[in-house]
Every structure is written in structure tokens, then in C-alpha cells.
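Shown below: coords_27.cif, with mmCIF, C-alpha atoms.
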data_upload
loop_
_atom_site.label_atom_id
_atom_site.label_comp_id
_atom_site.auth_asym_id
_atom_site.auth_seq_id
_atom_site.Cartn_x
_atom_site.Cartn_y
_atom_site.Cartn_z
CA MET S 1 -4.48 -22.42 3.37
CA PRO S 2 -1.19 -23.50 1.79
CA TRP S 3 0.54 -21.24 -0.69
CA SER S 4 0.66 -24.05 -3.27
CA GLU S 5 -3.15 -23.92 -3.52
CA ARG S 6 -3.39 -20.14 -3.76
CA ARG S 7 -0.37 -18.89 -5.68
CA SER S 8 -1.96 -19.19 -9.12
CA ARG S 9 -5.09 -17.44 -7.85
CA VAL S 10 -3.04 -14.55 -6.49
CA ALA S 11 -1.27 -14.21 -9.84
CA ASP S 12 -4.60 -14.51 -11.65
CA ALA S 13 -5.97 -11.62 -9.58
CA VAL S 14 -3.12 -9.45 -10.85
CA LEU S 15 -3.57 -10.57 -14.44
CA TRP S 16 -7.36 -10.36 -14.40
CA GLU S 17 -7.29 -6.83 -13.04
CA GLU S 18 -4.62 -5.94 -15.65
CA LEU S 19 -2.46 -4.42 -12.94
CA ASP S 20 0.81 -2.68 -13.71
CA ILE S 21 2.47 -2.40 -10.31
CA VAL S 22 2.14 -4.94 -7.52
CA GLY S 23 3.61 -4.83 -4.03
CA PHE S 24 3.81 -8.18 -2.28
CA GLN S 25 4.60 -8.17 1.41
CA GLU S 26 6.50 -10.78 3.40
CA ALA S 27 7.08 -13.07 0.46
CA LEU S 28 9.82 -15.66 0.86
CA THR S 29 12.33 -16.25 -1.93
CA ASN S 30 10.49 -19.27 -3.36
CA GLN S 31 7.22 -17.35 -3.36
CA VAL S 32 8.73 -14.39 -5.18
CA GLU S 33 10.12 -16.82 -7.73
CA ASP S 34 6.71 -18.49 -8.09
CA LEU S 35 5.03 -15.16 -8.72
CA ALA S 36 7.67 -14.10 -11.22
CA LYS S 37 6.99 -17.26 -13.24
CA LEU S 38 3.22 -17.02 -12.95
CA LEU S 39 3.07 -13.34 -13.91
CA GLY S 40 5.32 -13.84 -16.91
CA THR S 41 8.12 -11.95 -18.60
CA SER S 42 6.18 -8.70 -18.91
CA PHE S 43 6.75 -8.18 -15.18
CA SER S 44 10.03 -7.39 -13.42
CA TRP S 45 10.49 -7.02 -9.69
CA ILE S 46 12.65 -5.35 -7.06
CA GLY S 47 13.04 -6.43 -3.45
CA VAL S 48 15.36 -7.84 -0.80
CA GLY S 49 15.10 -10.19 2.15
CA ARG S 50 14.56 -8.26 5.34
CA ASP S 51 17.04 -10.24 7.43
CA ASP S 52 20.21 -9.42 5.47
CA GLY S 53 19.18 -7.07 2.67
CA LYS S 54 19.76 -9.89 0.18
CA LYS S 55 17.82 -13.16 0.21
CA ALA S 56 17.38 -14.07 3.86
CA GLY S 57 13.96 -13.65 5.40
CA GLU S 58 10.80 -12.20 3.97
CA TYR S 59 10.61 -9.61 1.20
CA VAL S 60 8.36 -6.65 0.52
CA PRO S 61 9.00 -6.73 -3.26
CA ILE S 62 7.36 -4.55 -5.86
CA PHE S 63 6.53 -6.10 -9.22
CA TYR S 64 5.98 -3.80 -12.17
CA ARG S 65 5.03 -4.11 -15.82
CA ASN S 66 8.36 -3.45 -17.53
CA THR S 67 6.80 -2.33 -20.81
CA ARG S 68 5.09 0.53 -18.98
CA PHE S 69 7.35 1.59 -16.11
CA LYS S 70 10.99 2.23 -15.53
CA PRO S 71 12.37 2.40 -11.98
CA LEU S 72 14.47 5.54 -11.63
CA SER S 73 15.71 4.72 -8.13
CA THR S 74 15.14 2.24 -5.35
CA THR S 75 15.51 2.56 -1.60
CA HIS S 76 15.18 -0.09 1.07
CA PHE S 77 15.09 0.98 4.70
CA TRP S 78 14.38 -0.73 7.97
CA LEU S 79 11.92 0.37 10.63
CA SER S 80 14.44 0.66 13.42
CA GLU S 81 16.78 3.17 15.03
CA THR S 82 19.26 2.33 12.24
CA PRO S 83 17.16 2.33 9.04
CA SER S 84 20.12 1.61 6.77
CA VAL S 85 21.09 -1.58 8.65
CA PRO S 86 19.48 -4.74 7.23
CA GLY S 87 17.82 -6.96 9.80
CA SER S 88 17.76 -4.28 12.49
CA LYS S 89 14.87 -3.93 14.94
CA ASN S 90 14.23 -1.98 18.12
CA TRP S 91 11.68 -1.09 20.77
CA ASP S 92 9.05 -3.80 21.28
CA ALA S 93 9.07 -5.17 17.72
CA GLY S 94 8.70 -8.92 17.48
CA GLN S 95 10.41 -9.09 14.07
CA THR S 96 12.46 -6.88 11.81
CA ARG S 97 10.34 -4.78 9.46
CA MET S 98 11.21 -2.77 6.37
CA VAL S 99 10.01 -0.61 3.48
CA THR S 100 10.61 -0.81 -0.26
CA LEU S 101 10.43 2.58 -1.97
CA ILE S 102 10.64 3.00 -5.75
CA HIS S 103 10.59 6.12 -7.90
CA PHE S 104 8.90 5.16 -11.17
CA GLN S 105 8.84 6.80 -14.57
CA ASP S 106 5.81 6.16 -16.78
CA LEU S 107 7.23 5.28 -20.18
CA TYR S 108 3.91 6.17 -21.84
CA SER S 109 3.81 9.69 -20.42
CA SER S 110 5.53 11.19 -23.47
CA ASP S 111 3.71 8.97 -25.98
CA SER S 112 0.51 10.62 -27.19
CA SER S 113 -0.87 7.32 -28.46
CA HIS S 114 -1.18 6.18 -24.84
CA SER S 115 -2.19 9.50 -23.33
CA GLY S 116 -5.66 8.29 -22.40
CA GLU S 117 -4.61 4.91 -21.10
CA GLN S 118 -4.91 4.23 -17.41
CA ASN S 119 -2.17 2.46 -15.50
CA ARG S 120 -2.97 0.33 -12.54
CA TRP S 121 -1.01 -0.78 -9.59
CA ALA S 122 -1.67 -3.26 -6.86
CA GLY S 123 -0.20 -4.27 -3.58
CA LEU S 124 -0.75 -7.98 -2.98
CA ARG S 125 0.67 -9.28 0.22
CA ARG S 126 1.45 -12.75 1.42
CA ARG S 127 3.38 -14.24 4.29
CA SER S 128 4.03 -17.61 5.90
CA MET S 129 2.21 -18.66 9.02
CA ASP S 130 4.09 -20.21 11.93
CA GLN S 131 2.16 -23.46 11.42
CA GLY S 132 3.68 -23.90 7.98
CA GLU S 133 0.64 -22.62 6.09
CA ASP S 134 0.58 -19.42 4.10
CA GLU S 135 -1.48 -16.29 4.24
CA ASP S 136 -1.55 -13.37 1.90
CA GLU S 137 -3.07 -9.95 1.78
CA GLU S 138 -3.97 -7.91 -1.24
CA LYS S 139 -4.33 -4.24 -1.67
CA ARG S 140 -4.56 -2.36 -4.92
CA THR S 141 -4.52 1.10 -6.27
CA ARG S 142 -4.77 2.27 -9.85
CA VAL S 143 -3.02 5.36 -11.00
CA SER S 144 -2.47 7.24 -14.23
CA SER S 145 0.80 9.11 -14.30
CA ALA S 146 2.20 11.58 -16.78
CA ALA S 147 5.29 12.06 -14.62
CA GLY S 148 7.39 10.20 -12.09
CA PHE S 149 5.74 9.01 -8.90
CA TYR S 150 6.73 7.12 -5.76
CA VAL S 151 5.43 3.84 -4.36
CA LEU S 152 6.15 2.64 -0.82
CA ASN S 153 5.32 -0.87 0.31
CA THR S 154 5.45 -1.83 3.99
CA HIS S 155 4.17 -4.09 6.73
CA TRP S 156 4.36 -3.08 10.37
CA ASP S 157 4.99 -5.26 13.37
CA ASP S 158 2.02 -7.17 14.74
CA ARG S 159 3.24 -7.19 18.36
CA GLY S 160 4.87 -3.90 19.27
CA VAL S 161 2.62 -0.87 19.75
CA GLN S 162 5.60 1.44 20.24
CA SER S 163 7.40 0.00 17.21
CA ARG S 164 4.39 0.85 15.05
CA THR S 165 4.45 4.45 16.24
CA GLU S 166 8.18 4.65 15.62
CA ALA S 167 7.67 3.08 12.17
CA ALA S 168 5.33 5.94 11.29
CA LYS S 169 7.94 8.49 12.34
CA ILE S 170 10.67 6.79 10.32
CA ILE S 171 8.54 6.69 7.16
CA LEU S 172 7.58 10.35 7.56
CA GLN S 173 11.22 11.34 8.02
CA GLN S 174 12.48 9.23 5.12
CA VAL S 175 9.86 10.66 2.75
CA GLU S 176 10.54 14.21 4.00
CA ASP S 177 14.28 13.78 3.33
CA LEU S 178 13.59 12.31 -0.11
CA ILE S 179 11.19 15.04 -1.22
CA SER S 180 13.29 17.91 0.12
CA SER S 181 16.43 16.61 -1.62
CA ARG S 182 14.84 15.85 -5.00
CA HIS S 183 11.87 18.15 -5.41
CA GLU S 184 12.75 21.41 -3.73
CA GLY S 185 11.01 24.20 -5.63
CA LYS S 186 9.52 21.76 -8.13
CA SER S 187 6.04 20.35 -8.67
CA LYS S 188 4.63 18.19 -5.91
CA PRO S 189 5.18 14.48 -6.66
CA LEU S 190 2.53 11.84 -6.15
CA VAL S 191 3.60 9.59 -3.24
CA ILE S 192 1.47 6.59 -2.31
CA LEU S 193 1.91 4.17 0.55
CA LEU S 194 0.50 0.64 0.53
CA GLY S 195 0.52 -1.20 3.81
CA ASP S 196 -0.79 -3.54 6.39
CA LEU S 197 0.00 -1.30 9.32
CA ASN S 198 -1.35 -3.66 11.99
CA SER S 199 -2.47 -0.36 13.46
CA PRO S 200 -6.18 0.47 13.56
CA ALA S 201 -7.28 4.07 13.16
CA GLU S 202 -7.57 4.60 16.92
CA GLU S 203 -3.94 3.64 17.55
CA GLU S 204 -1.07 6.11 17.75
CA GLY S 205 0.87 4.54 14.87
CA TYR S 206 -1.87 5.31 12.36
CA GLY S 207 -2.50 8.63 14.09
CA THR S 208 1.11 9.72 13.74
CA LEU S 209 1.28 8.70 10.08
CA THR S 210 -1.88 10.64 9.23
CA GLY S 211 -1.20 13.70 11.40
CA HIS S 212 -4.01 12.79 13.82
CA ALA S 213 -6.48 14.03 11.22
CA TYR S 214 -9.11 11.32 11.66
CA PRO S 215 -11.29 10.06 14.52
CA PRO S 216 -10.77 9.58 17.37
CA PHE S 217 -7.84 12.06 17.18
CA SER S 218 -9.71 14.71 15.19
CA THR S 219 -11.79 16.11 18.05
CA VAL S 220 -10.91 19.64 19.11
CA THR S 221 -9.53 18.56 22.47
CA LEU S 222 -7.39 15.77 21.08
CA SER S 223 -6.22 17.85 18.12
CA SER S 224 -5.05 20.58 20.49
CA TYR S 225 -3.32 18.01 22.64
CA PHE S 226 -1.43 16.39 19.79
CA LEU S 227 -0.47 19.70 18.21
CA GLU S 228 0.98 20.84 21.52
CA LYS S 229 2.51 17.60 22.74
CA LYS S 230 3.45 15.60 19.67
CA PRO S 231 6.33 16.72 17.43
CA VAL S 232 5.39 17.20 13.78
CA ILE S 233 7.61 15.13 11.48
CA GLY S 234 7.49 16.04 7.81
CA ILE S 235 4.25 15.93 5.84
CA PRO S 236 1.56 13.47 6.99
CA PHE S 237 -0.30 11.04 4.77
CA LYS S 238 -4.02 11.04 4.01
CA ASP S 239 -6.26 8.00 3.96
CA THR S 240 -7.98 7.30 0.65
CA ARG S 241 -11.03 6.05 2.55
CA HIS S 242 -11.68 9.63 3.63
CA SER S 243 -10.60 11.29 0.38
CA LEU S 244 -12.96 9.89 -2.20
CA THR S 245 -14.31 12.27 -4.82
CA VAL S 246 -17.95 11.19 -4.88
CA ALA S 247 -20.62 11.45 -7.52
CA ARG S 248 -22.97 14.41 -7.63
CA VAL S 249 -26.27 14.46 -9.52
CA PRO S 250 -26.24 15.20 -12.36
CA SER S 251 -22.70 14.03 -13.10
CA ALA S 252 -21.04 13.72 -16.49
CA THR S 253 -18.43 11.37 -15.03
CA PRO S 254 -19.48 8.04 -13.46
CA LEU S 255 -18.23 8.08 -9.88
CA LEU S 256 -18.91 6.10 -6.74
CA HIS S 257 -21.31 7.57 -4.22
CA SER S 258 -19.34 6.14 -1.28
CA PRO S 259 -16.53 3.63 -0.67
CA PHE S 260 -17.53 0.30 -2.16
CA GLY S 261 -17.89 -3.00 -0.34
CA GLU S 262 -16.92 -4.09 3.15
CA THR S 263 -15.24 -1.93 5.75
CA GLY S 264 -13.06 -4.58 7.41
CA THR S 265 -9.85 -5.62 5.67
CA PHE S 266 -8.52 -8.47 7.82
CA THR S 267 -10.72 -11.55 7.95
CA SER S 268 -8.42 -14.49 8.76
CA PHE S 269 -9.03 -17.76 6.94
CA SER S 270 -12.46 -18.11 8.47
CA PRO S 271 -16.04 -18.03 7.19
CA THR S 272 -16.73 -15.77 10.17
CA PRO S 273 -14.54 -12.72 9.43
CA VAL S 274 -12.69 -10.78 12.12
CA ASN S 275 -13.33 -7.60 10.12
CA SER S 276 -10.65 -5.38 11.62
CA ILE S 277 -9.39 -2.40 9.57
CA ILE S 278 -5.60 -2.51 9.44
CA ASP S 279 -4.86 -2.32 5.70
CA PHE S 280 -4.66 1.09 4.10
CA ILE S 281 -3.82 2.94 0.91
CA LEU S 282 -2.51 6.40 1.80
CA PHE S 283 -1.08 9.34 -0.11
CA LEU S 284 1.26 12.11 0.95
CA ASP S 285 -0.63 15.30 1.80
CA ASN S 286 1.78 17.52 -0.12
CA GLY S 287 -0.77 19.15 -2.40
CA ALA S 288 -0.52 16.65 -5.24
CA VAL S 289 -3.90 15.06 -4.55
CA GLY S 290 -7.11 17.03 -4.02
CA THR S 291 -9.76 15.99 -1.52
CA PRO S 292 -13.41 17.02 -1.21
CA GLU S 293 -12.79 18.95 2.01
CA ASP S 294 -9.92 21.11 0.77
CA GLY S 295 -12.07 22.66 -1.98
CA GLU S 296 -9.10 23.16 -4.32
CA LYS S 297 -8.31 21.45 -7.57
CA ARG S 298 -5.04 19.55 -7.55
CA ASP S 299 -3.16 17.46 -10.09
CA TRP S 300 -4.79 14.23 -8.86
CA GLU S 301 -7.97 13.01 -7.22
CA VAL S 302 -9.12 9.76 -5.65
CA ASN S 303 -12.22 8.54 -7.47
CA ARG S 304 -12.40 4.90 -6.46
CA VAL S 305 -12.07 3.30 -3.03
CA GLY S 306 -13.30 -0.15 -2.10
CA VAL S 307 -12.75 -3.36 -0.18
CA ILE S 308 -13.28 -6.51 -2.26
CA PRO S 309 -14.25 -10.03 -1.09
CA ASN S 310 -11.48 -12.56 -0.53
CA GLN S 311 -13.58 -15.74 -0.26
CA PHE S 312 -15.05 -17.70 -3.15
CA TRP S 313 -16.96 -20.91 -3.70
CA ASP S 314 -15.35 -22.94 -6.48
CA GLY S 315 -17.79 -25.88 -6.58
CA ARG S 316 -15.65 -28.05 -4.29
CA GLY S 317 -15.59 -25.83 -1.26
CA ARG S 318 -14.70 -22.42 0.06
CA MET S 319 -11.55 -20.93 -1.44
CA TYR S 320 -9.61 -18.07 0.12
CA THR S 321 -7.42 -15.95 -2.09
CA SER S 322 -6.14 -14.25 1.05
CA ASP S 323 -6.83 -13.77 4.74
CA HIS S 324 -7.16 -10.04 4.00
CA ARG S 325 -9.59 -8.42 1.62
CA LEU S 326 -8.45 -6.63 -1.49
CA VAL S 327 -8.27 -2.89 -0.83
CA VAL S 328 -8.79 -0.67 -3.87
CA ALA S 329 -8.09 3.00 -4.53
CA GLN S 330 -7.93 4.74 -7.89
CA PHE S 331 -6.05 7.97 -8.55
CA GLU S 332 -6.89 9.99 -11.63
CA PRO S 333 -5.21 13.09 -13.04
CA THR S 334 -7.49 16.12 -13.10
CA ASP S 335 -7.93 18.52 -16.00
CA LYS S 336 -6.35 21.29 -13.95
#
Before anything else, please render the file you have as C-alpha cells.
Amino acid sequence: MPWSERRSRVADAVLWEELDIVGFQEALTNQVEDLAKLLGTSFSWIGVGRDDGKKAGEYVPIFYRNTRFKPLSTTHFWLSETPSVPGSKNWDAGQTRMVTLIHFQDLYSSDSSHSGEQNRWAGLRRRSMDQGEDEDEEKRTRVSSAAGFYVLNTHWDDRGVQSRTEAAKIILQQVEDLISSRHEGKSKPLVILLGDLNSPAEEEGYGTLTGHAYPPFSTVTLSSYFLEKKPVIGIPFKDTRHSLTVARVPSATPLLHSPFGETGTFTSFSPTPVNSIIDFILFLDNGAVGTPEDGEKRDWEVNRVGVIPNQFWDGRGRMYTSDHRLVVAQFEPTDK
């Protein structure tokens, strides 16, 4: 469906959910400009075109509510053998791919009047189809932050299997270098990655990014194989789908009992969804976020995970906000 028919609905999704940080993927210049107008002056954005590091090609911009957040630093890198070179690509990639990484400061963190307020962030993705139509994907996470945190926004190649594996290695190395240079001996920062990885859980790209911690890699035989044969690069990410803090009866805090909604994230613009799982919200497994299996209390926990419908009936016909479903994860600070 054309972007002109969906752009206001994409912006409305951000405004309705009262989101604070939004990562759009593969947005062209005119689409970024449309969203900036539709979201209003309370939002600012950072991003570059992937072809030249300026305005050429598609962006993976991050919009943020400027009354709430201040970007402390920004990094753009490309998923190639030369990450600092705009437009670069290697291996079997069909197109150049990149990452936007921002270190944010929460301006409310030192203001006691906002100490109980929850900030939200979303990653909403859209791109142009070869046929001249538009498609977009949305993924969202909400997070409360009393300190600085990092947001990465990416989209991996849809053609090259090797390039997706190499993309995982590059992200792991870039994050490792960042954390070791800025946070050595300090508290563990919250680092969250939004992305359409085009890599299902059974593929090596996802496996590398998550340290082969999930099926089918998590069997004893495969785990031994990957530990022995695959080099470990930095700290892996964890998948929020497998890290939900669930409700227990009785519970003083209302929590989900399991991930909400559908399992598939990619549907295409079709009433008969494809239902493949290629969109993820991940967090760095550096000890900042606790999970049910680790049994230890950390600074953060994941207490909401869900996949939200992307098709609606508006009285005239079926309307698609996106060809991907909205992926939701909520991070909350603990009382540690």
C-alpha cells in the first residue's frame, strides 16, 4: 500500500502510544520529512542516508522526544568489512546496510517530580518496495531510565545469508568496543537493539548475535560445537521473547503470564499472513537486565513482550499500517 495512505497512521501509532523514542528503518528523505511534520516539534531526529552517509539512499533514523531525552553521542556504522565507509557492502549482501546507535540521557532522571514516569520508545520501520509502493515495519519497546542508555536501530540484508552472520559479528564488536572504552569499571549500561534481522532464530546470523543460546542451537551437542568451533565476539544479546518476567499468583504487580498476541512478525500486505519471525527486540547480556532463568536481581527487567496486529478494517476496506506486526517489549527498573 502506498506511503501516502499510511504515513499519518504510522505517525498516529507513535502519538497514540505516547512513545518517546522511535526508530524508523529504510526511510527515504521525503518520508523522514513527512514523519517529522506529522509527529510535530516535540520530536527531533538523527539519521543519515546509507548510500553516502548524508542524504542518499534509505535511512535508519531515530526520532526522540526532545523534551525528555538528550543525545549524548551518535554513531553510524555500516555492516561491511569497512564499517566507517558509507555505502560499503561485502560478502553476498544485495544492498548496503547500516546501524544507527545513540547514547541517550534521560532529562527527567534527576527531576524527582518525574521519578515515577515511564518513558517509552518505539522502532517503526518503513521502506519502499521495488514496485513503487511502500511497506513499513513497526517495533516498539518502552523503557524507564534513570541514567544514560543506548539504542541501536538496524535492518539486515534480505538476500545474503553470510552477510547477516557478518552483520551480527560487526554489531557485537562495535558494542564491545563502545562499552569497553566508555564503561570500564562502571555500572553496566542498558543497551537495546531494535531490528528486522531477516534472520529467523534457526539461522546463524541470529544465532551469532544471541550467542547460540536459543533453539535449535541450545541443545547440548550444538552448544558444544559452537563453543568449540565458533569464535566468541564480545557480549551476546538476549531476546526479550525469552526473557519475560511473568506473573505469579498471588502477585502484587500486574504482569503478563506469557508473551501477548501473535508469534509471527512479518505478514506481507496480505489477508493471509506469512507469519515468519524475523523482527526482534534484544538487549545486551551484560548484567544490566535480569531474566527469570538467571535467578538474580538486576537493575532492569522485561515485563512486557507482545506482537500487535497490523491490519484494521476502517469501514471502507482492509487497512494495513505495516507489512510487519508491531513488536512490543517493556523494560522496567527494579527496586534493587
Inset, instruction - Taking the file above as input, evaluate the PyMOL selection byres ((chain S and resi 64) around 10) and report the hits as an MDAnalysis selection string. - result: chainID S and resid 19:23 42:46 61:63 65:71 104 120:122
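Nearest-residue note for S:Leu256: choosing from S:Gly306, S:Pro200, S:Pro2, S:Gly40, the minimum distance belongs to S:Gly306, counting all atoms listed in the file.
For the set S:Asp177, S:Asp34, S:Asp158, S:Glu26, the residue with the smallest atom-to-atom gap to S:Leu197 is S:Asp158, counting all atoms listed in the file.
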Legend entry - Who sits within 10 Å of S:Leu190, all atoms listed in the file, same chain under 3 positions skipped, as a ChimeraX atom specification: /S:143,145,147-151,187,283-289,299-300,331
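The set of residues that the PyMOL selection byres ((chain S and resi 267) around 10) takes from this file is Glu137, Gly264, Thr265, Phe266, Ser268, Phe269, Ser270, Pro271, Thr272, Pro273, Val274, Asn275, Ser276, Ile277, Pro309, Asn310, Gln311, Ser322, Asp323, His324 and Arg325 of chain S.
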Inset, instruction - State, in Å with one decimal place, the distance from atom CA of S:Glu293 to atom CA of S:Ile235. - result: 17.7 Å
Legend entry - Residues matched by the PyMOL selection byres ((chain S and resi 154) around 8) as a list in words: Gln25, Val60, Arg97, Met98, Val99, Thr100, Leu152, Asn153, His155, Trp156, Leu193, Leu194, Gly195, Asp196 and Leu197 of chain S
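Atom pair atom CA of S:Gln330 / atom CA of S:Val191 has a distance of 13.3 Å (rounded to one decimal).
Distance check against S:His76 using all atoms listed in the file: of S:Arg164, S:His103, S:His183, S:Arg9, the minimum falls on S:His103.
The shortest atom-to-atom distance to S:Asp335, with only C-alpha atoms taken into account, belongs to S:Lys297 out of S:Ile102, S:Gly207, S:Lys297, S:Glu58.
Coordinates place atom CA of S:Thr210 at a distance of 5.0 Å from atom CA of S:Pro236.
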Legend entry - S:Gly234 surroundings by all atoms listed in the file, 7 Å radius, close-in-sequence under 3 positions cut, as a PyMOL selection string: chain S and resi 172-173+176
Inset, instruction - Excluding S:Ile233 and any residue of its chain fewer than 5 positions from it, enumerate the residues within 10 Å of it, using only C-alpha atoms, and give them as a PyMOL selection string. - result: chain S and resi 168-174+176+208-209+211
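Checking S:Gly290, S:Gly160, S:Pro86, S:Gly47 one by one against S:Ser199, counting only C-alpha atoms, you find the shortest gap at S:Gly160.
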